[in-house]
Structures are given as structure tokens and as C-alpha cells.
$ cat structure39.cif   # mmCIF, C-alpha atoms
data_work
loop_
_atom_site.group_PDB
_atom_site.id
_atom_site.type_symbol
_atom_site.label_atom_id
_atom_site.label_comp_id
_atom_site.auth_asym_id
_atom_site.auth_seq_id
_atom_site.Cartn_x
_atom_site.Cartn_y
_atom_site.Cartn_z
ATOM 1 C CA LEU A 1 131.721 90.864 74.158
ATOM 2 C CA GLU A 2 128.504 91.089 72.133
ATOM 3 C CA ILE A 3 126.886 88.375 74.300
ATOM 4 C CA GLU A 4 127.808 90.280 77.473
ATOM 5 C CA GLY A 5 126.174 93.416 76.062
ATOM 6 C CA LEU A 6 123.006 91.466 75.205
ATOM 7 C CA LYS A 7 122.899 89.995 78.707
ATOM 8 C CA ARG A 8 123.156 93.490 80.242
ATOM 9 C CA ASP A 9 120.405 94.761 77.918
ATOM 10 C CA ILE A 10 118.145 91.829 78.847
ATOM 11 C CA GLU A 11 118.776 92.392 82.584
ATOM 12 C CA LYS A 12 118.008 96.092 82.186
ATOM 13 C CA LEU A 13 114.773 95.316 80.311
ATOM 14 C CA GLU A 14 113.771 92.817 82.998
ATOM 15 C CA GLU A 15 114.377 95.441 85.719
ATOM 16 C CA GLU A 16 112.345 98.045 83.819
ATOM 17 C CA ASN A 17 109.587 95.483 83.239
ATOM 18 C CA GLU A 18 109.494 94.695 86.978
ATOM 19 C CA ILE A 19 109.229 98.400 87.803
ATOM 20 C CA LEU A 20 106.365 98.819 85.320
ATOM 21 C CA ARG A 21 104.599 95.729 86.741
ATOM 22 C CA ASN A 22 104.857 97.130 90.291
ATOM 23 C CA GLU A 23 103.586 100.538 89.161
ATOM 24 C CA ALA A 24 100.636 98.886 87.391
ATOM 25 C CA MET A 25 99.793 96.847 90.495
ATOM 26 C CA GLU A 26 99.912 100.004 92.669
ATOM 27 C CA LYS A 27 97.658 101.872 90.235
ATOM 28 C CA GLU A 28 95.197 98.962 90.155
ATOM 29 C CA LYS A 29 95.123 98.902 93.970
ATOM 30 C CA GLU A 30 94.497 102.671 94.101
ATOM 31 C CA LEU A 31 91.662 102.393 91.584
ATOM 32 C CA SER A 32 89.982 99.526 93.428
ATOM 33 C CA GLU A 33 90.237 101.436 96.739
ATOM 34 C CA THR A 34 88.652 104.460 95.060
ATOM 35 C CA ASP A 35 85.810 102.295 93.713
ATOM 36 C CA VAL A 36 85.255 100.774 97.162
ATOM 37 C CA SER A 37 85.267 104.215 98.835
ATOM 38 C CA GLU A 38 82.771 105.609 96.361
ATOM 39 C CA GLY A 39 80.575 102.541 96.840
ATOM 40 C CA LEU A 40 80.459 103.255 100.581
ATOM 41 C CA LEU A 41 79.172 106.798 100.196
ATOM 42 C CA PRO A 42 75.552 107.283 101.255
ATOM 43 C CA PRO A 43 73.309 108.314 98.366
ATOM 44 C CA VAL A 44 73.197 112.030 97.627
ATOM 45 C CA ASP A 45 69.957 113.838 98.339
ATOM 46 C CA GLU A 46 69.763 115.941 95.178
ATOM 47 C CA ASP A 47 67.578 118.520 96.967
ATOM 48 C CA TYR A 48 70.333 119.205 99.511
ATOM 49 C CA ASN A 49 73.594 118.224 97.818
ATOM 50 C CA ASN A 50 76.179 120.973 98.283
ATOM 51 C CA SER A 51 73.726 123.195 100.108
ATOM 52 C CA THR A 52 75.029 125.391 102.916
ATOM 53 C CA VAL A 53 74.518 123.629 106.248
ATOM 54 C CA ASP A 54 75.523 124.200 109.858
ATOM 55 C CA ILE A 55 77.945 121.411 110.766
ATOM 56 C CA ILE A 56 77.547 122.102 114.511
ATOM 57 C CA GLU A 57 73.789 121.617 114.245
ATOM 58 C CA LEU A 58 74.288 118.382 112.260
ATOM 59 C CA ALA A 59 76.607 117.052 114.983
ATOM 60 C CA ARG A 60 73.986 117.890 117.634
ATOM 61 C CA MET A 61 71.278 116.167 115.573
ATOM 62 C CA ALA A 62 73.417 112.998 115.312
ATOM 63 C CA VAL A 63 74.015 113.073 119.080
ATOM 64 C CA SER A 64 70.283 113.480 119.698
ATOM 65 C CA GLU A 65 69.431 110.553 117.397
ATOM 66 C CA LEU A 66 71.817 108.239 119.297
ATOM 67 C CA GLU A 67 71.108 109.634 122.765
ATOM 68 C CA GLU A 68 69.071 106.620 123.914
ATOM 69 C CA ASN A 69 71.763 104.148 122.817
ATOM 70 C CA ALA A 70 74.442 106.215 124.565
ATOM 71 C CA ARG A 71 72.408 106.447 127.768
ATOM 72 C CA LYS A 72 72.037 102.637 127.880
ATOM 73 C CA VAL A 73 75.823 102.241 128.096
ATOM 74 C CA SER A 74 76.328 105.282 130.379
ATOM 75 C CA LEU A 75 78.037 107.328 127.672
ATOM 76 C CA HIS A 76 77.629 111.094 127.890
ATOM 77 C CA VAL A 77 78.050 112.727 124.467
ATOM 78 C CA SER A 78 78.506 116.479 124.085
ATOM 79 C CA VAL A 79 79.268 118.925 121.281
ATOM 80 C CA GLN A 80 81.546 121.891 121.982
ATOM 81 C CA SER A 81 82.469 124.817 119.783
ATOM 82 C CA SER A 82 83.500 128.423 120.267
ATOM 83 C CA GLU A 83 81.255 129.245 117.304
ATOM 84 C CA ASP A 84 77.447 129.375 117.387
ATOM 85 C CA ARG A 85 77.210 128.251 113.771
ATOM 86 C CA LEU A 86 79.718 126.915 111.287
ATOM 87 C CA LEU A 87 78.500 126.786 107.699
ATOM 88 C CA VAL A 88 79.806 124.344 105.091
ATOM 89 C CA LYS A 89 78.746 123.315 101.586
ATOM 90 C CA ALA A 90 77.804 119.641 101.778
ATOM 91 C CA ASP A 91 75.003 117.104 101.763
ATOM 92 C CA PRO A 92 73.610 117.280 105.319
ATOM 93 C CA ASN A 93 72.683 113.592 105.295
ATOM 94 C CA ARG A 94 76.269 112.550 104.551
ATOM 95 C CA LEU A 95 77.692 114.737 107.319
ATOM 96 C CA LYS A 96 75.133 113.465 109.806
ATOM 97 C CA ILE A 97 76.019 109.868 108.878
ATOM 98 C CA LEU A 98 79.713 110.738 109.389
ATOM 99 C CA PHE A 99 78.959 111.822 112.974
ATOM 100 C CA ARG A 100 76.547 108.942 113.603
ATOM 101 C CA ASN A 101 79.079 106.311 112.522
ATOM 102 C CA ILE A 102 81.773 107.627 114.854
ATOM 103 C CA ILE A 103 79.381 108.143 117.787
ATOM 104 C CA ASP A 104 77.962 104.649 117.247
ATOM 105 C CA ASN A 105 81.497 103.250 117.338
ATOM 106 C CA SER A 106 82.065 104.837 120.753
ATOM 107 C CA VAL A 107 78.708 103.542 122.003
ATOM 108 C CA LYS A 108 79.683 99.989 120.971
ATOM 109 C CA TYR A 109 83.257 99.926 122.217
ATOM 110 C CA MET A 110 83.416 102.121 125.356
ATOM 111 C CA LYS A 111 82.944 99.100 127.670
ATOM 112 C CA ARG A 112 82.577 101.443 130.644
ATOM 113 C CA ALA A 113 80.761 104.601 131.684
ATOM 114 C CA GLY A 114 82.404 107.637 130.191
ATOM 115 C CA SER A 115 82.176 110.518 127.790
ATOM 116 C CA LEU A 116 82.576 111.390 124.142
ATOM 117 C CA VAL A 117 83.353 115.042 123.471
ATOM 118 C CA ILE A 118 82.947 116.377 119.932
ATOM 119 C CA THR A 119 84.890 119.607 119.467
ATOM 120 C CA ILE A 120 84.371 121.618 116.289
ATOM 121 C CA SER A 121 86.574 124.584 115.430
ATOM 122 C CA THR A 122 87.770 126.536 112.436
ATOM 123 C CA ILE A 123 91.119 127.929 111.351
ATOM 124 C CA ASN A 124 91.133 130.003 108.179
ATOM 125 C CA ASP A 125 89.295 127.923 105.542
ATOM 126 C CA ASP A 126 89.479 124.618 107.410
ATOM 127 C CA ILE A 127 87.143 122.995 109.884
ATOM 128 C CA PHE A 128 88.666 120.752 112.539
ATOM 129 C CA ILE A 129 86.582 118.135 114.316
ATOM 130 C CA VAL A 130 87.905 116.073 117.206
ATOM 131 C CA LEU A 131 85.814 113.220 118.604
ATOM 132 C CA LYS A 132 87.516 112.006 121.796
ATOM 133 C CA ASP A 133 86.125 109.308 124.075
ATOM 134 C CA THR A 134 87.245 107.916 127.430
ATOM 135 C CA GLY A 135 86.775 104.260 126.522
ATOM 136 C CA GLU A 136 89.105 101.284 126.427
ATOM 137 C CA GLY A 137 90.989 102.451 123.343
ATOM 138 C CA LEU A 138 93.118 100.250 121.112
ATOM 139 C CA ASN A 139 96.789 99.491 120.734
ATOM 140 C CA GLU A 140 98.793 101.405 118.129
ATOM 141 C CA ASP A 141 98.796 98.585 115.566
ATOM 142 C CA GLU A 142 95.014 98.134 115.614
ATOM 143 C CA THR A 143 94.411 101.892 115.589
ATOM 144 C CA ARG A 144 96.351 102.102 112.321
ATOM 145 C CA HIS A 145 93.776 99.810 110.643
ATOM 146 C CA ILE A 146 90.419 101.052 111.986
ATOM 147 C CA PHE A 147 89.416 102.799 108.743
ATOM 148 C CA GLU A 148 90.068 99.719 106.597
ATOM 149 C CA LEU A 149 87.143 97.905 105.027
ATOM 150 C CA ASN A 150 85.741 95.149 107.279
ATOM 151 C CA PHE A 151 88.412 95.661 109.967
ATOM 152 C CA GLN A 152 87.320 94.539 113.404
ATOM 153 C CA GLY A 153 89.840 94.747 116.201
ATOM 154 C CA SER A 154 90.459 92.423 119.117
ATOM 155 C CA ASN A 155 87.506 94.016 120.920
ATOM 156 C CA ARG A 156 85.129 93.105 118.083
ATOM 157 C CA LEU A 157 81.418 93.079 118.705
ATOM 158 C CA SER A 158 78.481 92.715 116.377
ATOM 159 C CA GLY A 159 78.663 94.779 113.241
ATOM 160 C CA ASN A 160 80.205 94.594 109.818
ATOM 161 C CA GLY A 161 83.205 96.886 110.257
ATOM 162 C CA LEU A 162 81.913 99.410 107.698
ATOM 163 C CA GLY A 163 81.096 102.438 109.895
ATOM 164 C CA LEU A 164 84.537 104.017 110.148
ATOM 165 C CA THR A 165 85.389 103.056 106.558
ATOM 166 C CA GLN A 166 82.275 104.908 105.425
ATOM 167 C CA ALA A 167 83.203 107.872 107.661
ATOM 168 C CA LYS A 168 86.592 108.030 105.948
ATOM 169 C CA ALA A 169 84.960 107.834 102.499
ATOM 170 C CA ILE A 170 82.693 110.788 103.373
ATOM 171 C CA VAL A 171 85.572 112.908 104.693
ATOM 172 C CA GLU A 172 87.720 112.170 101.636
ATOM 173 C CA TYR A 173 84.793 112.864 99.276
ATOM 174 C CA TYR A 174 84.749 116.420 100.640
ATOM 175 C CA GLY A 175 88.522 116.778 100.259
ATOM 176 C CA GLY A 176 89.336 116.307 103.934
ATOM 177 C CA THR A 177 91.536 114.056 106.020
ATOM 178 C CA ILE A 178 90.788 111.750 108.926
ATOM 179 C CA TYR A 179 93.024 109.836 111.314
ATOM 180 C CA ALA A 180 92.840 108.199 114.729
ATOM 181 C CA LYS A 181 94.979 108.204 117.849
ATOM 182 C CA SER A 182 94.472 105.822 120.718
ATOM 183 C CA THR A 183 96.229 104.458 123.756
ATOM 184 C CA GLU A 184 95.045 101.187 125.237
ATOM 185 C CA GLY A 185 92.989 101.909 128.336
ATOM 186 C CA ARG A 186 92.886 105.656 127.655
ATOM 187 C CA GLY A 187 90.302 106.213 124.953
ATOM 188 C CA MET A 188 90.136 106.891 121.240
ATOM 189 C CA GLY A 189 90.419 110.169 119.345
ATOM 190 C CA ILE A 190 89.221 110.676 115.781
ATOM 191 C CA TYR A 191 90.635 113.801 114.118
ATOM 192 C CA ILE A 192 89.014 115.299 111.013
ATOM 193 C CA GLN A 193 89.976 118.243 108.825
ATOM 194 C CA LEU A 194 87.451 119.469 106.249
ATOM 195 C CA PRO A 195 87.642 122.427 103.881
ATOM 196 C CA ALA A 196 84.865 124.869 104.703
#
$ encode --input "structure39.cif" --output "C-alpha cells"
Amino acid sequence: LEIEGLKRDIEKLEEENEILRNEAMEKEKELSETDVSEGLLPPVDEDYNNSTVDIIELARMAVSELEENARKVSLHVSVQSSEDRLLVKADPNRLKILFRNIIDNSVKYMKRAGSLVITISTINDDIFIVLKDTGEGLNEDETRHIFELNFQGSNRLSGNGLGLTQAKAIVEYYGGTIYAKSTEGRGMGIYIQLPA
């Protein structure tokens, strides 16, 4: 009887130990992902960090900077908003890089003439940004992985697979969320929510 009790105690300890091991591994994974994300953030310009900037103007500046590249692949990029200005507290360089990375992704992967529409709106204290292109798109499985470090889908081209990972790091740094939706042959949509 005593041996049976010891066996049950040992089994219970082994189960608890396994649970603790799994929790430790999860925590380690979370910490390493956080370190990687922070390492991907562009440097902060101390003169402008957390200054009040117009996110619509930053989107237009990013479009202007990549206009020549977009024209070469017959991609028309536009920014739409019902607001004239939309002010946020952020580093303008980081937000511009966020837009540039996503626009550059569309420029690389459209594979046909088309458009990329950037829509910026606000609801209460949140800013919503939708970047929707009319390119080839990706299947559901690949779309799920596009923000992962070094991920390059079946339509891979030159590049290191860091652009969308960095975009995600920037959005999350400001307390926002980002996700993608795509249907093969029907374009890609990147959806961003940021606190104003």
C-alpha cells in the first residue's frame, strides 16, 4: 500500500515537473521573440521620439519616396482618409518605415499592374490603417506566416524577409495590432490598429 502511494506521488511530481518545464520553455520563447522584435526596431530619433505627428502626412511621404519604384512595376499607390490630419504621438521615422516596408512589399510581389490603397481612419481613440493591394496574394497558410522573421513565401524574390517583421515590431511597440488577409489571385490586405 505504501509503495502504491509513493508511485502515485512520483507520477504526480513528474506531471507537475513536465508542466513547469513546458511553462519555462514557453516563457523562454516569449522572451526571445521580444528580444528579436526590439532588435528590429529602427533607432529612435531622440529629437522626435513621441512627438505629435500627422500619420496621414507620413503615409503620403512614404508613398512619395517609393513612387518611382511603384511606377516601374505599374503600381498606383494612393492614400485615402476622411480626415485632413490625424495626429499621433510617435517617432515619425518609425511610422514612415512602417509604411515604406508594407508599400515595398506590394511593389515587389504584385507581379502585375494594379493598385495599393492605403485607408486611414479613426474610431474613438484608435487609428485604423488598411493597406490593400490588387496583386497575386498568397494562400491562407502562407499569409499566416508573413510577419515571421525571415519568412519568404512561395513567391519569394530578393530580400531578407525582414520588412513585414519589422513593420509588426513597430506596430506592437506602439501598443497596436497588425494582421493580414489574402486570397490567392485576389490581393493582400494588411490591417493595423494603433492607439492614437
$ resolve_selection --input "structure39.cif" --expression "the PyMOL selection byres ((chain A and resi 95-105) around 6)" --output "PyMOL selection string"
chain A and resi 58+62+92-94+106-108+163+167
$ atom_distance --input "structure39.cif" --atom1 "CA of Ser64 (chain A)" --atom2 "CA of His76 (chain A)"
11.3 Å
$ closest_residue --input "structure39.cif" --among "A:Glu148, A:Ala113, A:Gln193, A:Gln166" --to "Ile178 (chain A)" --atoms "all atoms listed in the file"
A:Gln193
$ atom_distance --input "structure39.cif" --atom1 "CA of Ile192 (chain A)" --atom2 "CA of Glu140 (chain A)"
18.4 Å
$ closest_residue --input "structure39.cif" --among "A:Val73, A:Val88, A:Ile55, A:Leu149" --to "Arg112 (chain A)" --atoms "all atoms listed in the file"
A:Val73
$ closest_residue --input "structure39.cif" --among "A:Glu172, A:Glu67, A:Glu136, A:Asp141" --to "Met188 (chain A)" --atoms "only C-alpha atoms"
A:Glu136
$ atom_distance --input "structure39.cif" --atom1 "CA of Ser51 (chain A)" --atom2 "CA of Asn69 (chain A)"
29.7 Å
$ resolve_selection --input "structure39.cif" --expression "the PyMOL selection byres ((chain A and resi 189) around 6)" --output "PDB file with C-alpha atoms, in the frame of the given file"
ATOM      1  CA  LEU A 131      85.814 113.220 118.604  1.00  0.00           C
ATOM      2  CA  LYS A 132      87.516 112.006 121.796  1.00  0.00           C
ATOM      3  CA  ALA A 180      92.840 108.199 114.729  1.00  0.00           C
ATOM      4  CA  LYS A 181      94.979 108.204 117.849  1.00  0.00           C
ATOM      5  CA  MET A 188      90.136 106.891 121.240  1.00  0.00           C
ATOM      6  CA  ILE A 190      89.221 110.676 115.781  1.00  0.00           C
TER       7      ILE A 190
END
$ closest_residue --input "structure39.cif" --among "A:Arg186, A:Tyr173, A:Thr52, A:Val63" --to "Leu40 (chain A)" --atoms "all atoms listed in the file"
A:Tyr173
$ decode --input "structure39.cif" --residues "region 99-115 of chain A" --atoms "all heavy atoms" --output "mmCIF file, in the first residue's frame"
data_model
loop_
_atom_site.group_PDB
_atom_site.id
_atom_site.type_symbol
_atom_site.label_atom_id
_atom_site.label_comp_id
_atom_site.auth_asym_id
_atom_site.auth_seq_id
_atom_site.Cartn_x
_atom_site.Cartn_y
_atom_site.Cartn_z
ATOM 1 N N PHE A 99 5.188 52.249 -43.046
ATOM 2 C CA PHE A 99 4.519 52.375 -44.342
ATOM 3 C C PHE A 99 5.424 51.923 -45.487
ATOM 4 O O PHE A 99 4.993 51.197 -46.397
ATOM 5 C CB PHE A 99 4.050 53.818 -44.580
ATOM 6 C CG PHE A 99 2.857 54.209 -43.770
ATOM 7 C CD1 PHE A 99 2.955 55.173 -42.778
ATOM 8 C CD2 PHE A 99 1.613 53.627 -43.988
ATOM 9 C CE1 PHE A 99 1.854 55.541 -42.023
ATOM 10 C CE2 PHE A 99 0.502 53.991 -43.248
ATOM 11 C CZ PHE A 99 0.623 54.952 -42.257
ATOM 12 N N ARG A 100 6.678 52.355 -45.449
ATOM 13 C CA ARG A 100 7.614 52.000 -46.529
ATOM 14 C C ARG A 100 7.760 50.484 -46.671
ATOM 15 O O ARG A 100 7.773 49.957 -47.781
ATOM 16 C CB ARG A 100 8.996 52.619 -46.278
ATOM 17 C CG ARG A 100 9.092 54.094 -46.596
ATOM 18 C CD ARG A 100 10.503 54.611 -46.342
ATOM 19 N NE ARG A 100 11.476 53.864 -47.118
ATOM 20 C CZ ARG A 100 11.978 54.253 -48.298
ATOM 21 N NH1 ARG A 100 11.601 55.385 -48.816
ATOM 22 N NH2 ARG A 100 12.854 53.511 -48.929
ATOM 23 N N ASN A 101 7.890 49.785 -45.551
ATOM 24 C CA ASN A 101 8.074 48.333 -45.610
ATOM 25 C C ASN A 101 6.880 47.638 -46.263
ATOM 26 O O ASN A 101 7.046 46.717 -47.058
ATOM 27 C CB ASN A 101 8.314 47.763 -44.210
ATOM 28 C CG ASN A 101 9.703 48.070 -43.689
ATOM 29 O OD1 ASN A 101 10.552 48.598 -44.387
ATOM 30 N ND2 ASN A 101 9.934 47.746 -42.435
ATOM 31 N N ILE A 102 5.681 48.073 -45.927
ATOM 32 C CA ILE A 102 4.491 47.434 -46.495
ATOM 33 C C ILE A 102 4.314 47.815 -47.961
ATOM 34 O O ILE A 102 3.993 46.970 -48.799
ATOM 35 C CB ILE A 102 3.242 47.758 -45.650
ATOM 36 C CG1 ILE A 102 3.428 47.197 -44.226
ATOM 37 C CG2 ILE A 102 1.986 47.175 -46.299
ATOM 38 C CD1 ILE A 102 2.370 47.632 -43.232
ATOM 39 N N ILE A 103 4.549 49.084 -48.291
ATOM 40 C CA ILE A 103 4.460 49.515 -49.698
ATOM 41 C C ILE A 103 5.498 48.767 -50.527
ATOM 42 O O ILE A 103 5.198 48.255 -51.612
ATOM 43 C CB ILE A 103 4.658 51.043 -49.816
ATOM 44 C CG1 ILE A 103 3.520 51.791 -49.128
ATOM 45 C CG2 ILE A 103 4.773 51.455 -51.290
ATOM 46 C CD1 ILE A 103 3.792 53.276 -48.907
ATOM 47 N N ASP A 104 6.725 48.687 -50.010
ATOM 48 C CA ASP A 104 7.798 47.990 -50.723
ATOM 49 C C ASP A 104 7.435 46.524 -50.966
ATOM 50 O O ASP A 104 7.730 45.965 -52.018
ATOM 51 C CB ASP A 104 9.103 48.092 -49.933
ATOM 52 C CG ASP A 104 10.280 47.511 -50.682
ATOM 53 O OD1 ASP A 104 10.525 47.940 -51.828
ATOM 54 O OD2 ASP A 104 10.943 46.603 -50.142
ATOM 55 N N ASN A 105 6.767 45.912 -50.020
ATOM 56 C CA ASN A 105 6.328 44.525 -50.178
ATOM 57 C C ASN A 105 5.362 44.399 -51.360
ATOM 58 O O ASN A 105 5.457 43.475 -52.164
ATOM 59 C CB ASN A 105 5.658 44.055 -48.882
ATOM 60 C CG ASN A 105 5.900 42.596 -48.621
ATOM 61 O OD1 ASN A 105 7.036 42.160 -48.514
ATOM 62 N ND2 ASN A 105 4.826 41.840 -48.534
ATOM 63 N N SER A 106 4.428 45.330 -51.463
ATOM 64 C CA SER A 106 3.493 45.318 -52.594
ATOM 65 C C SER A 106 4.227 45.547 -53.912
ATOM 66 O O SER A 106 3.945 44.896 -54.909
ATOM 67 C CB SER A 106 2.399 46.374 -52.422
ATOM 68 O OG SER A 106 1.471 45.972 -51.450
ATOM 69 N N VAL A 107 5.162 46.477 -53.911
ATOM 70 C CA VAL A 107 5.947 46.748 -55.132
ATOM 71 C C VAL A 107 6.645 45.466 -55.595
ATOM 72 O O VAL A 107 6.630 45.123 -56.778
ATOM 73 C CB VAL A 107 6.989 47.875 -54.890
ATOM 74 C CG1 VAL A 107 8.005 47.939 -56.012
ATOM 75 C CG2 VAL A 107 6.282 49.216 -54.703
ATOM 76 N N LYS A 108 7.227 44.721 -54.657
ATOM 77 C CA LYS A 108 7.975 43.505 -55.013
ATOM 78 C C LYS A 108 7.082 42.370 -55.489
ATOM 79 O O LYS A 108 7.466 41.607 -56.370
ATOM 80 C CB LYS A 108 8.768 43.002 -53.794
ATOM 81 C CG LYS A 108 10.008 43.774 -53.495
ATOM 82 C CD LYS A 108 10.704 43.147 -52.284
ATOM 83 C CE LYS A 108 11.902 43.953 -51.866
ATOM 84 N NZ LYS A 108 12.470 43.451 -50.613
ATOM 85 N N TYR A 109 5.914 42.213 -54.872
ATOM 86 C CA TYR A 109 5.148 40.988 -55.082
ATOM 87 C C TYR A 109 3.863 41.138 -55.889
ATOM 88 O O TYR A 109 3.152 40.155 -56.077
ATOM 89 C CB TYR A 109 4.827 40.345 -53.724
ATOM 90 C CG TYR A 109 6.071 39.909 -53.002
ATOM 91 C CD1 TYR A 109 6.548 40.606 -51.902
ATOM 92 C CD2 TYR A 109 6.795 38.813 -53.441
ATOM 93 C CE1 TYR A 109 7.708 40.221 -51.252
ATOM 94 C CE2 TYR A 109 7.961 38.410 -52.795
ATOM 95 C CZ TYR A 109 8.401 39.119 -51.707
ATOM 96 O OH TYR A 109 9.559 38.727 -51.071
ATOM 97 N N MET A 110 3.553 42.319 -56.406
ATOM 98 C CA MET A 110 2.320 42.498 -57.182
ATOM 99 C C MET A 110 2.279 41.567 -58.397
ATOM 100 O O MET A 110 1.272 40.951 -58.669
ATOM 101 C CB MET A 110 2.193 43.943 -57.660
ATOM 102 C CG MET A 110 1.736 44.901 -56.598
ATOM 103 S SD MET A 110 0.014 44.724 -56.160
ATOM 104 C CE MET A 110 -0.783 45.326 -57.612
ATOM 105 N N LYS A 111 3.373 41.537 -59.147
ATOM 106 C CA LYS A 111 3.512 40.696 -60.349
ATOM 107 C C LYS A 111 2.539 41.054 -61.465
ATOM 108 O O LYS A 111 2.349 40.295 -62.404
ATOM 109 C CB LYS A 111 3.370 39.206 -60.001
ATOM 110 C CG LYS A 111 4.474 38.710 -59.098
ATOM 111 C CD LYS A 111 4.408 37.228 -58.950
ATOM 112 C CE LYS A 111 5.558 36.748 -58.092
ATOM 113 N NZ LYS A 111 5.523 35.331 -57.845
ATOM 114 N N ARG A 112 1.875 42.197 -61.345
ATOM 115 C CA ARG A 112 1.005 42.676 -62.414
ATOM 116 C C ARG A 112 0.642 44.121 -62.111
ATOM 117 O O ARG A 112 0.783 44.591 -60.980
ATOM 118 C CB ARG A 112 -0.252 41.826 -62.522
ATOM 119 C CG ARG A 112 -1.105 41.795 -61.266
ATOM 120 C CD ARG A 112 -2.285 40.865 -61.447
ATOM 121 N NE ARG A 112 -3.094 40.791 -60.236
ATOM 122 C CZ ARG A 112 -3.832 39.762 -59.919
ATOM 123 N NH1 ARG A 112 -3.861 38.707 -60.710
ATOM 124 N NH2 ARG A 112 -4.557 39.762 -58.834
ATOM 125 N N ALA A 113 0.199 44.838 -63.126
ATOM 126 C CA ALA A 113 -0.233 46.221 -62.916
ATOM 127 C C ALA A 113 -1.402 46.207 -61.941
ATOM 128 O O ALA A 113 -2.220 45.287 -61.947
ATOM 129 C CB ALA A 113 -0.659 46.847 -64.240
ATOM 130 N N GLY A 114 -1.458 47.205 -61.096
ATOM 131 C CA GLY A 114 -2.551 47.231 -60.133
ATOM 132 C C GLY A 114 -2.461 48.420 -59.208
ATOM 133 O O GLY A 114 -1.802 49.416 -59.511
ATOM 134 N N SER A 115 -3.119 48.300 -58.073
ATOM 135 C CA SER A 115 -3.164 49.420 -57.141
ATOM 136 C C SER A 115 -2.947 48.949 -55.706
ATOM 137 O O SER A 115 -3.177 47.792 -55.373
ATOM 138 C CB SER A 115 -4.520 50.139 -57.248
ATOM 139 O OG SER A 115 -5.555 49.261 -56.862
#
